[in-house]
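Have a look at run11.tsv below; it lists TSV, C-alpha atoms.
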chain	number	residue	atom	x	y	z
A	1	MET	CA	1.59	-43.97	2.81
A	2	THR	CA	0.42	-42.35	-0.42
A	3	GLY	CA	2.72	-40.49	-2.79
A	4	LEU	CA	1.14	-37.19	-1.75
A	5	GLU	CA	1.74	-37.90	1.92
A	6	PHE	CA	5.37	-38.83	1.24
A	7	GLU	CA	5.88	-35.67	-0.80
A	8	LEU	CA	4.37	-33.51	1.97
A	9	LEU	CA	6.56	-35.09	4.63
A	10	ALA	CA	9.62	-34.61	2.40
A	11	ILE	CA	8.77	-30.91	2.09
A	12	LEU	CA	8.30	-30.61	5.85
A	13	PHE	CA	11.64	-32.35	6.40
A	14	ALA	CA	13.42	-29.87	4.10
A	15	VAL	CA	11.69	-26.88	5.68
A	16	ALA	CA	12.73	-28.09	9.14
A	17	ILE	CA	16.39	-28.27	8.10
A	18	GLY	CA	16.37	-24.68	6.84
A	19	ALA	CA	14.42	-23.34	9.81
A	20	ALA	CA	16.75	-25.08	12.29
A	21	VAL	CA	19.82	-23.56	10.63
A	22	ILE	CA	18.34	-20.09	11.18
A	23	ASP	CA	17.05	-20.89	14.67
A	24	SER	CA	20.35	-22.29	15.95
A	25	ILE	CA	22.08	-19.04	15.01
A	26	GLY	CA	19.63	-16.21	15.60
A	27	GLY	CA	16.39	-17.82	16.76
A	28	GLY	CA	13.00	-17.49	15.10
A	29	GLY	CA	12.74	-20.88	13.41
A	30	GLY	CA	9.10	-21.10	14.44
A	31	LEU	CA	8.42	-18.16	12.12
A	32	VAL	CA	8.87	-20.64	9.28
A	33	THR	CA	7.71	-23.96	10.70
A	34	VAL	CA	4.42	-23.01	12.40
A	35	PRO	CA	2.92	-21.36	9.27
A	36	VAL	CA	4.14	-24.27	7.12
A	37	LEU	CA	2.48	-26.79	9.45
A	38	MET	CA	-0.76	-24.81	9.21
A	39	LEU	CA	-0.47	-24.75	5.41
A	40	ALA	CA	-0.03	-28.54	5.59
A	41	GLY	CA	-3.50	-28.76	7.14
A	42	LEU	CA	-2.91	-28.66	10.91
A	43	ASP	CA	-5.14	-26.49	13.07
A	44	PRO	CA	-3.33	-23.71	15.02
A	45	LEU	CA	-3.15	-25.65	18.31
A	46	SER	CA	-1.82	-28.79	16.64
A	47	ALA	CA	0.68	-26.73	14.65
A	48	ILE	CA	2.03	-25.06	17.79
A	49	ALA	CA	2.10	-28.37	19.69
A	50	THR	CA	3.80	-30.25	16.83
A	51	ASN	CA	6.31	-27.43	16.46
A	52	LYS	CA	7.42	-28.07	20.04
A	53	VAL	CA	8.63	-31.53	18.97
A	54	LEU	CA	10.99	-30.17	16.36
A	55	ALA	CA	11.89	-27.08	18.43
A	56	THR	CA	12.97	-29.35	21.28
A	57	ALA	CA	14.98	-31.52	18.88
A	58	ALA	CA	16.63	-28.46	17.30
A	59	THR	CA	17.65	-26.79	20.55
A	60	VAL	CA	18.94	-30.03	22.10
A	61	SER	CA	20.91	-30.73	18.93
A	62	SER	CA	22.46	-27.27	18.74
A	63	ALA	CA	23.21	-27.24	22.48
A	64	SER	CA	25.05	-30.55	22.11
A	65	ALA	CA	27.10	-29.10	19.23
A	66	TYR	CA	28.11	-26.07	21.31
A	67	GLY	CA	28.77	-28.30	24.31
A	68	ARG	CA	31.19	-30.51	22.36
A	69	LYS	CA	33.23	-27.38	21.61
A	70	GLY	CA	33.46	-26.53	25.31
A	71	LEU	CA	31.26	-23.43	25.08
A	72	ILE	CA	28.87	-24.55	27.83
A	73	ASP	CA	29.72	-24.81	31.51
A	74	TRP	CA	27.25	-27.56	32.32
A	75	ARG	CA	27.54	-27.10	36.08
A	76	ARG	CA	26.16	-23.58	35.70
A	77	ALA	CA	23.94	-24.18	32.70
A	78	ALA	CA	22.09	-27.23	34.07
A	79	PRO	CA	20.46	-25.49	37.08
A	80	ALA	CA	19.41	-22.54	34.91
A	81	ALA	CA	17.96	-24.92	32.33
A	82	ALA	CA	16.01	-26.76	35.03
A	83	ILE	CA	14.59	-23.45	36.27
A	84	ALA	CA	13.66	-22.48	32.69
A	85	GLY	CA	11.88	-25.80	32.18
A	86	ALA	CA	9.91	-25.58	35.43
A	87	ALA	CA	8.91	-21.98	34.70
A	88	SER	CA	7.86	-22.91	31.15
A	89	LEU	CA	5.63	-25.70	32.43
A	90	LEU	CA	4.04	-23.29	34.90
A	91	GLY	CA	3.50	-20.81	32.08
A	92	ALA	CA	1.82	-23.48	29.94
A	93	LEU	CA	-0.47	-24.39	32.81
A	94	CYS	CA	-1.40	-20.72	33.24
A	95	ALA	CA	-1.93	-20.12	29.52
A	96	THR	CA	-5.70	-20.36	29.76
A	97	LEU	CA	-5.93	-18.31	32.96
A	98	LEU	CA	-3.96	-15.15	32.12
A	99	PRO	CA	-4.95	-12.50	29.55
A	100	ARG	CA	-2.91	-12.71	26.33
A	101	ALA	CA	-3.85	-9.28	24.97
A	102	ALA	CA	-1.15	-7.49	26.98
A	103	LEU	CA	1.53	-9.92	25.79
A	104	GLU	CA	0.38	-9.59	22.20
A	105	ALA	CA	0.77	-5.82	22.49
A	106	ILE	CA	4.09	-5.73	24.37
A	107	VAL	CA	6.09	-8.54	22.73
A	108	PRO	CA	6.50	-6.87	19.29
A	109	ILE	CA	7.81	-3.74	21.02
A	110	LEU	CA	10.30	-5.81	23.04
A	111	LEU	CA	11.47	-7.66	19.93
A	112	ILE	CA	12.08	-4.41	18.08
A	113	ALA	CA	13.97	-3.10	21.11
A	114	ILE	CA	16.16	-6.23	21.04
A	115	ALA	CA	16.82	-5.72	17.33
A	116	VAL	CA	17.87	-2.10	17.98
A	117	TYR	CA	20.08	-3.18	20.89
A	118	PHE	CA	21.91	-5.87	18.90
A	119	GLY	CA	22.09	-3.63	15.88
A	120	PHE	CA	23.68	-0.61	17.55
A	121	ALA	CA	25.29	-1.61	20.86
A	122	ARG	CA	29.06	-1.27	20.53
A	123	ARG	CA	30.02	-3.66	23.31
A	124	ILE	CA	28.54	-6.74	21.61
A	125	GLY	CA	31.04	-9.09	19.98
A	126	ASP	CA	32.61	-12.50	20.42
A	127	ALA	CA	34.51	-11.63	23.61
A	128	ASP	CA	32.98	-11.68	27.09
A	129	VAL	CA	32.71	-8.39	28.98
A	130	LYS	CA	32.05	-7.56	32.63
A	131	ALA	CA	28.77	-9.02	33.89
A	132	ARG	CA	26.11	-6.66	35.19
A	133	MET	CA	24.29	-9.38	37.14
A	134	SER	CA	25.54	-12.39	39.11
A	135	GLN	CA	24.79	-15.91	37.86
A	136	ARG	CA	22.63	-16.63	40.91
A	137	ARG	CA	20.56	-13.48	40.49
A	138	PHE	CA	20.24	-14.04	36.74
A	139	SER	CA	19.02	-17.62	37.28
A	140	ALA	CA	16.52	-16.42	39.88
A	141	THR	CA	15.04	-13.58	37.81
A	142	VAL	CA	15.66	-13.47	34.06
A	143	VAL	CA	15.69	-17.22	33.39
A	144	PRO	CA	12.35	-18.05	35.08
A	145	ALA	CA	10.72	-14.93	33.62
A	146	VAL	CA	11.63	-15.90	30.05
A	147	GLY	CA	10.86	-19.58	30.70
A	148	PHE	CA	7.41	-18.67	32.03
A	149	TYR	CA	6.80	-16.49	28.99
A	150	ASP	CA	7.90	-19.32	26.68
A	151	GLY	CA	5.31	-21.64	28.15
A	152	LEU	CA	2.60	-18.98	28.30
A	153	PHE	CA	3.02	-17.44	24.83
A	154	GLY	CA	6.39	-18.24	23.22
A	155	PRO	CA	7.33	-16.06	20.22
A	156	GLY	CA	10.78	-14.50	20.68
A	157	ALA	CA	11.77	-16.49	23.78
A	158	GLY	CA	15.15	-17.31	22.25
A	159	SER	CA	15.77	-13.64	21.54
A	160	PHE	CA	14.88	-12.76	25.13
A	161	TYR	CA	17.25	-15.40	26.51
A	162	MET	CA	19.98	-14.12	24.18
A	163	ALA	CA	19.47	-10.50	25.23
A	164	GLY	CA	19.69	-11.54	28.87
A	165	PHE	CA	22.91	-13.52	28.48
A	166	VAL	CA	24.54	-10.66	26.58
A	167	ALA	CA	23.23	-7.61	28.45
A	168	ALA	CA	23.10	-9.02	31.99
A	169	ARG	CA	25.82	-11.67	32.02
A	170	GLY	CA	28.18	-9.98	29.54
A	171	TYR	CA	28.77	-13.06	27.39
A	172	GLY	CA	30.07	-12.85	23.83
A	173	LEU	CA	27.59	-13.77	21.11
A	174	VAL	CA	28.80	-17.32	20.44
A	175	LYS	CA	28.78	-18.26	24.13
A	176	ALA	CA	25.44	-16.49	24.66
A	177	THR	CA	23.96	-18.41	21.73
A	178	ALA	CA	25.18	-21.69	23.23
A	179	LEU	CA	23.68	-20.93	26.64
A	180	THR	CA	20.47	-19.69	25.05
A	181	LYS	CA	20.02	-23.10	23.44
A	182	THR	CA	20.38	-24.94	26.74
A	183	ALA	CA	17.73	-22.80	28.42
A	184	ASN	CA	15.49	-22.84	25.37
A	185	ALA	CA	15.79	-26.62	25.06
A	186	ALA	CA	14.53	-27.01	28.62
A	187	SER	CA	11.60	-24.63	28.18
A	188	ASN	CA	10.71	-26.22	24.83
A	189	PHE	CA	10.75	-29.69	26.41
A	190	ALA	CA	8.49	-28.57	29.24
A	191	GLY	CA	6.04	-27.11	26.76
A	192	LEU	CA	6.18	-30.33	24.76
A	193	VAL	CA	5.30	-32.38	27.86
A	194	PHE	CA	2.21	-30.23	28.32
A	195	PHE	CA	1.09	-30.60	24.69
A	196	VAL	CA	1.75	-34.36	24.66
A	197	ALA	CA	-0.42	-34.73	27.75
A	198	ALA	CA	-3.12	-32.72	25.97
A	199	GLY	CA	-2.91	-35.04	22.94
A	200	ALA	CA	-2.34	-32.13	20.55
A	201	VAL	CA	0.83	-33.37	18.77
A	202	VAL	CA	0.68	-34.74	15.21
A	203	TRP	CA	3.52	-37.23	15.51
A	204	SER	CA	4.01	-38.12	11.84
A	205	ALA	CA	4.87	-34.52	10.96
A	206	GLY	CA	6.61	-33.84	14.27
A	207	LEU	CA	9.06	-36.73	14.10
A	208	VAL	CA	9.97	-36.18	10.46
A	209	MET	CA	10.57	-32.48	11.10
A	210	ALA	CA	12.46	-33.26	14.31
A	211	LEU	CA	14.95	-35.31	12.27
A	212	GLY	CA	15.36	-32.41	9.86
A	213	SER	CA	15.75	-30.02	12.80
A	214	ILE	CA	18.57	-32.08	14.29
A	215	ILE	CA	20.47	-31.92	11.01
A	216	GLY	CA	19.81	-28.20	10.50
A	217	ALA	CA	20.77	-27.33	14.07
A	218	GLN	CA	24.14	-29.03	13.67
A	219	ILE	CA	24.79	-27.06	10.47
A	220	GLY	CA	23.70	-23.77	12.05
A	221	ALA	CA	25.75	-24.25	15.20
A	222	ARG	CA	28.87	-24.93	13.15
A	223	LEU	CA	28.24	-21.80	11.06
A	224	ALA	CA	27.78	-19.71	14.22
A	225	MET	CA	30.97	-21.03	15.80
A	226	ALA	CA	32.91	-20.47	12.58
A	227	HIS	CA	31.71	-16.93	11.86
A	228	GLY	CA	30.79	-15.62	15.33
A	229	ALA	CA	29.31	-12.15	15.76
A	230	ARG	CA	29.57	-11.35	12.03
A	231	LEU	CA	26.82	-13.91	11.39
A	232	ILE	CA	24.94	-14.04	14.70
A	233	ARG	CA	24.40	-10.31	15.21
A	234	PRO	CA	22.65	-9.53	11.89
A	235	LEU	CA	20.54	-12.68	12.10
A	236	ILE	CA	19.29	-11.74	15.58
A	237	VAL	CA	18.32	-8.30	14.28
A	238	LEU	CA	16.60	-9.83	11.25
A	239	THR	CA	14.67	-12.54	13.10
A	240	SER	CA	13.60	-10.22	15.93
A	241	CYS	CA	12.19	-7.72	13.41
A	242	ALA	CA	10.55	-10.52	11.43
A	243	MET	CA	8.88	-11.95	14.55
A	244	ALA	CA	7.65	-8.49	15.58
A	245	LEU	CA	6.20	-7.82	12.13
A	246	ARG	CA	4.53	-11.21	12.00
A	247	LEU	CA	2.86	-10.67	15.37
A	248	LEU	CA	1.71	-7.22	14.31
A	249	ALA	CA	0.34	-8.56	11.02
A	250	ASP	CA	-1.32	-11.69	12.45
A	251	PRO	CA	-5.11	-11.13	12.57
A	252	SER	CA	-5.44	-13.80	15.26
A	253	THR	CA	-3.70	-11.52	17.78
A	254	SER	CA	-5.41	-8.54	19.35
A	255	VAL	CA	-2.90	-6.06	17.91
A	256	GLY	CA	-2.84	-7.70	14.50
A	257	GLY	CA	-6.63	-7.79	14.41
A	258	ALA	CA	-6.83	-4.10	15.27
A	259	ILE	CA	-4.34	-3.26	12.51
A	260	ALA	CA	-6.27	-5.40	10.03
A	261	ARG	CA	-9.52	-3.60	10.90
A	262	VAL	CA	-7.87	-0.22	10.40
A	263	LEU	CA	-6.38	-1.17	7.04
A	264	SER	CA	-9.44	-2.99	5.71
A	265	PRO	CA	-11.61	-0.99	3.28
Please go through the file and, once you have read it, give me the structure as structure tokens.
Amino acid sequence: MTGLEFELLAILFAVAIGAAVIDSIGGGGGLVTVPVLMLAGLDPLSAIATNKVLATAATVSSASAYGRKGLIDWRRAAPAAAIAGAASLLGALCATLLPRAALEAIVPILLIAIAVYFGFARRIGDADVKARMSQRRFSATVVPAVGFYDGLFGPGAGSFYMAGFVAARGYGLVKATALTKTANAASNFAGLVFFVAAGAVVWSAGLVMALGSIIGAQIGARLAMAHGARLIRPLIVLTSCAMALRLLADPSTSVGGAIARVLSP
């Protein structure tokens, strides 16, 4: 390994720690890691595929931290996670068959709506409130829908899981964050299986960043459990808005390309 390669991997390791801290609290770590992987020289497909390695590591790590504190009922969470994983794999398999333009147009709007909801809804806090949907119905509708989306497209999946656990199941923000990580870990793993089979993962970067993600996820989970809604709520608003803006500004998406053409001289 040359000095330059070691320096690059050290930078990727540090970036992964910081991104995982953010992701384990409010989601959106891929906002940081995917562009950094592309700046490191990976093509877009390899960057997305490699990001699944560290995203899986981060969500498994943070879920384990929440689980050790008794915030996850594994008997209920495990079936939902399995459904999320199966739906994500199906979404990945359908990624080349279904049109992405509609998703590229709708997702930024949904993310902004989530930011507004978490920013202004009065009932959101650390305490659970009355559920609006049964666990069985939630696992049969919301979980597979978000899991399928995660495999098909991906950006904002954590925010969508979080919104579902809070709005439909009535969970407080710390518990909802914990359950989001279990579902997101499963859908990330399913997507990773697909990309590994396709041979798109750059393992040197992926494994180094996965180690950083494990460390960062542990730090972020502890911060979330210590500070609760005071920390989680603003970060969800911030990351949802940031993801929406990035999708709108990305010229590789249909909406971002249209905006770029309008703004170009």
Kindly provide the residues of range 156-254 of chain A that approach range 24-32 of chain A to within 6 Å, each paired with its closest atom pair and their distance in Å to one decimal, based on all atoms listed in the file, listed by chain and increasing number, as a Markdown table.
| residue | atom | partner | partner_atom | distance |
| --- | --- | --- | --- | --- |
| A:Gly158 | CA | A:Gly27 | CA | 5.7 |
| A:Ala217 | CA | A:Ser24 | CA | 5.4 |
| A:Gly220 | CA | A:Ser24 | CA | 5.4 |
| A:Ala221 | CA | A:Ser24 | CA | 5.8 |
| A:Ala224 | CA | A:Ile25 | CA | 5.8 |
| A:Ile232 | CA | A:Ile25 | CA | 5.8 |
| A:Leu235 | CA | A:Gly26 | CA | 5.1 |
| A:Ile236 | CA | A:Gly26 | CA | 4.5 |
| A:Thr239 | CA | A:Gly28 | CA | 5.6 |
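Rounded to one decimal, CA of Gly18 in chain A and CA of Gly119 in chain A lie 23.6 Å from each other.
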As a PyMOL selection string, please: the residues near Gly147 in chain A (cut-off 10 Å, only C-alpha atoms, same-chain neighbours under 5 positions excluded). chain A and resi 80-92+142+152+154+157-158+160-161+183-184+186-188+190-191
Quick one: residues within 10 Å of Thr177 in chain A, all atoms listed in the file counted, chain neighbours fewer than 2 positions away excluded, as a PyMOL selection string? chain A and resi 24-27+62-63+66+71-72+158-159+161-163+165-166+171-175+179-182+221+224-225+228+232
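If you measure from each of A:Ile124, A:Leu37, A:Ile11, A:Ala178 to Ala77 in chain A using only C-alpha atoms, the closest one turns out to be A:Ala178.
Taking all atoms listed in the file into account, Pro234 in chain A lies nearest to A:Phe118 out of the set A:Gly70, A:Thr50, A:Leu111, A:Phe118.
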Within 12 Å of range 196-215 of chain A: each range 9-101 of chain A residue with its shortest pair, all atoms listed in the file, as a tab-separated table:
residue	atom	partner	partner_atom	distance
A:Leu9	CA	A:Ala205	CA	6.6
A:Ala10	CA	A:Val208	CA	8.2
A:Ile11	CA	A:Met209	CA	9.3
A:Leu12	CA	A:Met209	CA	6.0
A:Phe13	CA	A:Met209	CA	4.8
A:Ala14	CA	A:Gly212	CA	6.6
A:Val15	CA	A:Gly212	CA	7.8
A:Ala16	CA	A:Gly212	CA	5.1
A:Ile17	CA	A:Gly212	CA	4.6
A:Gly18	CA	A:Ser213	CA	8.0
A:Ala19	CA	A:Ser213	CA	7.4
A:Ala20	CA	A:Ser213	CA	5.1
A:Val21	CA	A:Ser213	CA	7.9
A:Ile22	CA	A:Ser213	CA	10.4
A:Asp23	CA	A:Ser213	CA	9.4
A:Ser24	CA	A:Ser213	CA	9.5
A:Gly29	CA	A:Ser213	CA	9.6
A:Gly30	CA	A:Ser213	CA	11.2
A:Thr33	CA	A:Met209	CA	9.0
A:Val34	CA	A:Gly206	CA	11.2
A:Val36	CA	A:Ala205	CA	11.0
A:Leu37	CA	A:Ala205	CA	8.2
A:Met38	CA	A:Ala205	CA	11.4
A:Ala40	CA	A:Ala205	CA	9.4
A:Gly41	CA	A:Ala205	CA	10.9
A:Leu42	CA	A:Val202	CA	8.3
A:Asp43	CA	A:Ala200	CA	9.8
A:Pro44	CA	A:Ala200	CA	10.1
A:Leu45	CA	A:Ala200	CA	6.9
A:Ser46	CA	A:Ala200	CA	5.2
A:Ala47	CA	A:Val201	CA	7.8
A:Ile48	CA	A:Val201	CA	8.5
A:Ala49	CA	A:Val201	CA	5.2
A:Thr50	CA	A:Val201	CA	4.7
A:Asn51	CA	A:Gly206	CA	6.8
A:Lys52	CA	A:Gly206	CA	8.2
A:Val53	CA	A:Gly206	CA	5.6
A:Leu54	CA	A:Ala210	CA	4.0
A:Ala55	CA	A:Ser213	CA	7.4
A:Thr56	CA	A:Ala210	CA	8.0
A:Ala57	CA	A:Ala210	CA	5.5
A:Ala58	CA	A:Ser213	CA	4.8
A:Thr59	CA	A:Ile214	CA	8.2
A:Val60	CA	A:Ile214	CA	8.1
A:Ser61	CA	A:Ile214	CA	5.4
A:Ser62	CA	A:Ile214	CA	7.6
A:Ala63	CA	A:Ile214	CA	10.6
A:Ser64	CA	A:Ile214	CA	10.3
A:Ala65	CA	A:Ile214	CA	10.3
A:Leu89	CA	A:Ala197	CA	11.8
A:Ala92	CA	A:Ala198	CA	11.2
A:Leu93	CA	A:Ala198	CA	11.1
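In this structure, CA of Arg230 in chain A sits 12.6 Å away from CA of Ala127 in chain A.
One finds CA of Ala185 in chain A at 14.3 Å from CA of Gln218 in chain A.
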In the coordinate frame of the file, compute which residues have an atom within 6 Å of (17.8, -5.3, 14.2) when using all atoms listed in the file, and state them as a PDB file with C-alpha atoms, in the frame of the given file.
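Ended up saving to result-v1.pdb:
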ATOM      1  CA  ALA A 115      16.820  -5.720  17.330  1.00  0.00           C
ATOM      2  CA  VAL A 116      17.870  -2.100  17.980  1.00  0.00           C
ATOM      3  CA  GLY A 119      22.090  -3.630  15.880  1.00  0.00           C
ATOM      4  CA  VAL A 237      18.320  -8.300  14.280  1.00  0.00           C
ATOM      5  CA  LEU A 238      16.600  -9.830  11.250  1.00  0.00           C
TER       6      LEU A 238
END
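The nearest approach to Val129 in chain A among the residues A:Arg75, A:Ala176, A:Ala249, A:Leu231, with only C-alpha atoms taken into account, belongs to A:Ala176.
Closest approach to Ser240 in chain A among A:Ala105, A:Trp74, A:Pro79, A:Ala113 is made by A:Ala113 (distances from only C-alpha atoms).
Among A:Leu97, A:Ala226, A:Ala121, A:Ile112, the residue with the shortest atom-to-atom distance to Leu248 in chain A, counting all atoms listed in the file, is A:Ile112.
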